[in-house]
Amino acid sequence: MKKPFVDANKLRQIVAEHPTPFHLYDERGIRENARLLHRAFAWNPGFKEYFAVKATPNPAILNILREEGCGVDCATYTELLLAEALGFEGQEIMFSSNMTPLEDFQFAHKLGAIINLDDFTDVDYIKKLSSIPQKVCLRYNPGGNFSISNEIMDTPGEAKYGMTRSQLKAAIEQLLDMGVRKFGLHAFLTSNTRANDYYPTLARILFELVRDLHTETGAHFSFVNLSGGIGVPYHPSEEPVDIMAVGKGVEEAFNAVLVPAGLGHLSIAAELGRFMLAPYGHLIATAIRRKNTYKHYIGLDASAANLMRPAMYGSYHHITIAGKENDPHDHLYDVVGGLCENNDKFAVNRHLPEIELGDLVIIHDTGAHGFSMGYNYNGKLRSAEVLLKADGSTELIRRAETPEDYFATLNLPVRSARL
Ligand SMILES: *Cc1c(COP(=O)(O)O)cnc(C)c1O
């Protein structure tokens, strides 16, 4: 059984202060999980998690992670601006972008970020920077299928990211000629996987490649970036990743491949997003409408504009009705938002307790790729974000959008008196 990180009484107190809908984050859970990750990789003195900002781009969240020793992984100019505003600098920032405009590389370089090149033609962009960076990371795409013990996990050959093996070598040779001194190697081969073998399998591929590229080109590598992709149990039947086992598996590959090659000084980097945050966020909504036709619908004050994953990927998000955790789940509902889109459904054919209007509906695992994927379709406004602090108090860490925000980019000929 999946339990929310707040009970019904606490939630009612919070809602009295912060009207629904909003995303609620659990500081205690975020910190404990970040500490566990660092324990799992404590064997590697240079280990660094660069939190993928796109997953949860909120200053309060990024500051908590920073206090736990994390840097940030940015992909755009705006994400870099956010990192800069929070005081992240230099090698605390990984810039893993793709199809990158020159000005984004220039800004990343100005901040001293580690630039991760997605493509061979990015080398020409590095030439155009005000100076040649000392250290550059390269993104690898092995093509074909990616398998773990004969099971196909994903199809990198269909993915737009990264360079081929021969492009990697050519890029390194050019970058060496330009004066780059240190290299990193990165790959992201599958998303949201709960396979404890994912990181160890990926690590072995990258470690062997580093060893071979070092031999072939003489390039000095200082880190391997295992990127994101570690998943979380969205469904109650799913098991969480055993992050200690993951760390141990990577250590075994490290000892088997890098240490004998004299490369035991390399650091491990990660760019986890989902694993760091997803379970520590809930979307809190109120049941505002009921409708019975060919099916039984419950309408919420939240919609896919606040959480796009079910509409976009058909993702399962667990739902708890606050205060009815132990009631029989004997009603079959579609739990929906009010967008004029038939995919605006948080749950389809879900067995839940009987829902009354006014009930608080807790949608689980929205801490990553939740708020941040939100949008303004149908003029729906982005919700607030609230932090449940470790001491039990709450803080509004992003206010809800207002119609003024929605209209702010427009030049309306007549400003409505209502605005
Ligand atoms: C999205 C992304 C991540 C984070 O992915 P998760 O699935 O949230 O762990 C990390 N690195 C890059 C380059 C990404 O695009």
# chains A, B, ... in the order shown; residues from 1 in each chain; ligands from 1
call {"tool": "closest_atom_pairs", "arguments": {"of": "chain A", "to": "ligand 1", "cutoff": "6 Å", "atoms": "only C-alpha atoms and all ligand atoms", "output": "tab-separated table"}}
result
residue	atom	partner	partner_atom_place_in_ligand_line	distance
A:Ala52	CA	ligand 1	4 (C)	4.9
A:Ala55	CA	ligand 1	8 (O)	5.8
A:Ser96	CA	ligand 1	13 (C)	5.1
A:Ser191	CA	ligand 1	7 (O)	5.2
A:Asn192	CA	ligand 1	7 (O)	5.5
A:Ser227	CA	ligand 1	11 (N)	4.9
A:Gly228	CA	ligand 1	9 (O)	3.4
A:Gly229	CA	ligand 1	7 (O)	3.9
A:Ile230	CA	ligand 1	9 (O)	5.5
A:Glu271	CA	ligand 1	10 (C)	4.5
A:Leu272	CA	ligand 1	9 (O)	3.8
A:Gly273	CA	ligand 1	8 (O)	3.3
A:Arg274	CA	ligand 1	8 (O)	3.7
A:Phe275	CA	ligand 1	9 (O)	6.0
call {"tool": "closest_atom_pairs", "arguments": {"of": "range 85-202 of chain A", "to": "range 245-263 of chain A", "cutoff": "10 Å", "atoms": "only C-alpha atoms", "output": "tab-separated table"}}
result
residue	atom	partner	partner_atom	distance
A:Ala195	CA	A:Val246	CA	8.9
A:Asn196	CA	A:Val246	CA	5.4
A:Asp197	CA	A:Val246	CA	6.7
A:Tyr198	CA	A:Val246	CA	8.0
A:Tyr199	CA	A:Val246	CA	6.5
A:Pro200	CA	A:Val250	CA	4.4
A:Thr201	CA	A:Val250	CA	8.0
A:Leu202	CA	A:Val250	CA	8.7
call {"tool": "residues_around", "arguments": {"residues": "range 389-403 of chain A", "least_positions_apart": "2", "cutoff": "8 Å", "atoms": "only C-alpha atoms", "output": "number ranges by chain"}}
result
A: 14, 18, 22, 26-28, 58-60, 381-387, 405-407, 419
call {"tool": "residues_around", "arguments": {"residues": "Val53 in chain A", "least_positions_apart": "5", "cutoff": "9 Å", "atoms": "only C-alpha atoms", "output": "NGL selection string"}}
result
:A and (58 or 62 or 72-75 or 79 or 83 or 273)
call {"tool": "select_by_dssp", "arguments": {"residues": "range 147-194 of chain A", "states": "strand (DSSP E or B)", "output": "JSON, numbers by chain"}}
result
{"A": [147, 148, 151, 152, 153, 154, 163, 182, 183, 184, 185, 186, 193]}
call {"tool": "write_last_selection", "arguments": {"atoms": "N, CA and C atoms", "output": "mmCIF file, in the first residue's frame"}}
result
data_model
loop_
_atom_site.group_PDB
_atom_site.id
_atom_site.type_symbol
_atom_site.label_atom_id
_atom_site.label_comp_id
_atom_site.auth_asym_id
_atom_site.auth_seq_id
_atom_site.Cartn_x
_atom_site.Cartn_y
_atom_site.Cartn_z
ATOM 1 N N SER A 147 20.218 -3.385 -24.078
ATOM 2 C CA SER A 147 19.686 -4.535 -23.348
ATOM 3 C C SER A 147 20.404 -4.722 -22.024
ATOM 4 N N ILE A 148 19.670 -5.248 -21.060
ATOM 5 C CA ILE A 148 20.277 -5.708 -19.810
ATOM 6 C C ILE A 148 19.911 -7.187 -19.689
ATOM 7 N N GLU A 151 17.352 -8.565 -22.068
ATOM 8 C CA GLU A 151 16.058 -7.893 -22.150
ATOM 9 C C GLU A 151 16.261 -6.499 -22.741
ATOM 10 N N ILE A 152 15.532 -6.213 -23.831
ATOM 11 C CA ILE A 152 15.661 -4.898 -24.467
ATOM 12 C C ILE A 152 15.009 -3.851 -23.570
ATOM 13 N N MET A 153 15.820 -2.856 -23.162
ATOM 14 C CA MET A 153 15.318 -1.815 -22.262
ATOM 15 C C MET A 153 14.863 -0.588 -23.050
ATOM 16 N N ASP A 154 15.569 -0.321 -24.151
ATOM 17 C CA ASP A 154 15.279 0.903 -24.895
ATOM 18 C C ASP A 154 15.981 0.839 -26.249
ATOM 19 N N MET A 163 26.516 11.071 -29.610
ATOM 20 C CA MET A 163 27.351 10.858 -30.803
ATOM 21 C C MET A 163 27.654 9.377 -30.983
ATOM 22 N N LYS A 182 40.933 17.925 -20.136
ATOM 23 C CA LYS A 182 40.263 16.856 -19.386
ATOM 24 C C LYS A 182 38.914 16.547 -20.035
ATOM 25 N N PHE A 183 38.547 15.282 -19.955
ATOM 26 C CA PHE A 183 37.303 14.859 -20.593
ATOM 27 C C PHE A 183 36.400 14.109 -19.612
ATOM 28 N N GLY A 184 35.116 14.176 -19.930
ATOM 29 C CA GLY A 184 34.132 13.334 -19.263
ATOM 30 C C GLY A 184 33.347 12.599 -20.341
ATOM 31 N N LEU A 185 32.739 11.476 -19.970
ATOM 32 C CA LEU A 185 31.923 10.720 -20.929
ATOM 33 C C LEU A 185 30.547 10.484 -20.311
ATOM 34 N N HIS A 186 29.512 10.683 -21.124
ATOM 35 C CA HIS A 186 28.131 10.669 -20.638
ATOM 36 C C HIS A 186 27.266 9.814 -21.562
ATOM 37 N N THR A 193 13.762 3.618 -15.213
ATOM 38 C CA THR A 193 13.923 2.180 -15.023
ATOM 39 C C THR A 193 14.186 1.876 -13.553
#
call {"tool": "closest_residue", "arguments": {"among": "A:Cys70, A:Leu332, A:Cys340, A:Ala8", "to": "Ile30 in chain A", "atoms": "only C-alpha atoms"}}
result
A:Cys70
call {"tool": "select_by_dssp", "arguments": {"residues": "range 109-340 of chain A", "states": "alpha helix (DSSP H)", "output": "MDAnalysis selection string"}}
result
chainID A and resid 109:110 122:127 165:178 198:217 243:253 274:277 309:313
call {"tool": "residues_around", "arguments": {"residues": "range 286-291 of chain A", "least_positions_apart": "4", "cutoff": "9 Å", "atoms": "only C-alpha atoms", "output": "ChimeraX atom specification"}}
result
/A:20-21,295-302,335,355-362
call {"tool": "write_last_selection", "arguments": {"atoms": "N, CA and C atoms", "output": "short mmCIF file (atom, residue, chain, number, x, y, z; two decimals), in the first residue's frame"}}
result
data_model
loop_
_atom_site.label_atom_id
_atom_site.label_comp_id
_atom_site.auth_asym_id
_atom_site.auth_seq_id
_atom_site.Cartn_x
_atom_site.Cartn_y
_atom_site.Cartn_z
N THR A 20 -6.30 24.59 -2.73
CA THR A 20 -5.97 23.65 -3.81
C THR A 20 -6.28 24.31 -5.15
N PRO A 21 -5.66 23.84 -6.24
CA PRO A 21 -4.66 22.77 -6.28
C PRO A 21 -3.26 23.31 -6.02
N LYS A 295 -20.09 6.27 -17.60
CA LYS A 295 -19.09 5.99 -16.57
C LYS A 295 -19.31 6.97 -15.43
N HIS A 296 -18.61 6.73 -14.33
CA HIS A 296 -18.69 7.63 -13.17
C HIS A 296 -17.44 8.50 -13.14
N TYR A 297 -17.66 9.79 -13.26
CA TYR A 297 -16.54 10.74 -13.28
C TYR A 297 -16.49 11.55 -12.00
N ILE A 298 -15.24 11.79 -11.55
CA ILE A 298 -15.00 12.77 -10.49
C ILE A 298 -14.14 13.86 -11.12
N GLY A 299 -14.61 15.10 -11.04
CA GLY A 299 -13.86 16.23 -11.60
C GLY A 299 -13.08 16.95 -10.51
N LEU A 300 -11.81 17.21 -10.79
CA LEU A 300 -10.94 17.90 -9.82
C LEU A 300 -10.73 19.36 -10.21
N ASP A 301 -10.23 20.13 -9.24
CA ASP A 301 -9.84 21.51 -9.56
C ASP A 301 -8.45 21.55 -10.19
N ALA A 302 -7.79 20.40 -10.30
CA ALA A 302 -6.52 20.30 -11.04
C ALA A 302 -6.81 19.61 -12.38
N VAL A 335 -11.04 9.73 -12.77
CA VAL A 335 -10.76 10.97 -12.05
C VAL A 335 -10.15 11.93 -13.07
N ILE A 355 -16.28 8.94 -3.30
CA ILE A 355 -15.75 10.31 -3.22
C ILE A 355 -16.91 11.29 -3.12
N GLU A 356 -16.83 12.16 -2.11
CA GLU A 356 -17.84 13.22 -1.99
C GLU A 356 -17.22 14.53 -2.45
N LEU A 357 -18.06 15.43 -2.92
CA LEU A 357 -17.53 16.73 -3.32
C LEU A 357 -16.91 17.42 -2.11
N GLY A 358 -15.75 18.00 -2.33
CA GLY A 358 -15.02 18.62 -1.23
C GLY A 358 -13.90 17.73 -0.69
N ASP A 359 -13.93 16.44 -1.03
CA ASP A 359 -12.84 15.55 -0.58
C ASP A 359 -11.50 16.03 -1.15
N LEU A 360 -10.46 15.85 -0.34
CA LEU A 360 -9.11 16.17 -0.81
C LEU A 360 -8.52 14.94 -1.49
N VAL A 361 -8.05 15.15 -2.70
CA VAL A 361 -7.53 14.05 -3.53
C VAL A 361 -6.01 14.22 -3.63
N ILE A 362 -5.30 13.18 -3.21
CA ILE A 362 -3.83 13.22 -3.21
C ILE A 362 -3.33 12.40 -4.39
#
call {"tool": "residues_around", "arguments": {"residues": "Pro240 in chain A", "least_positions_apart": "6", "cutoff": "7 Å", "atoms": "only C-alpha atoms", "output": "list in words"}}
result
Arg194, Val232 and Pro233 of chain A
call {"tool": "residues_around", "arguments": {"residues": "Asp119 in chain A", "least_positions_apart": "2", "cutoff": "7 Å", "atoms": "only C-alpha atoms", "output": "PyMOL selection string"}}
result
chain A and resi 117+121-122+162-163
call {"tool": "closest_residue", "arguments": {"among": "A:Leu412, A:Ala304, A:Leu129, A:Val180", "to": "Val336 in chain A", "atoms": "only C-alpha atoms"}}
result
A:Ala304
call {"tool": "atom_distance", "arguments": {"atom1": "CA of His282 in chain A", "atom2": "CA of Gly370 in chain A"}}
result
9.1 Å
call {"tool": "closest_residue", "arguments": {"among": "A:Thr215, A:Asn63, A:Ser222, A:Asn376", "to": "Gln134 in chain A", "atoms": "only C-alpha atoms"}}
result
A:Ser222
call {"tool": "closest_residue", "arguments": {"among": "A:Ala85, A:Met178, A:Ile132, A:Leu226", "to": "Phe105 in chain A", "atoms": "only C-alpha atoms"}}
result
A:Ile132
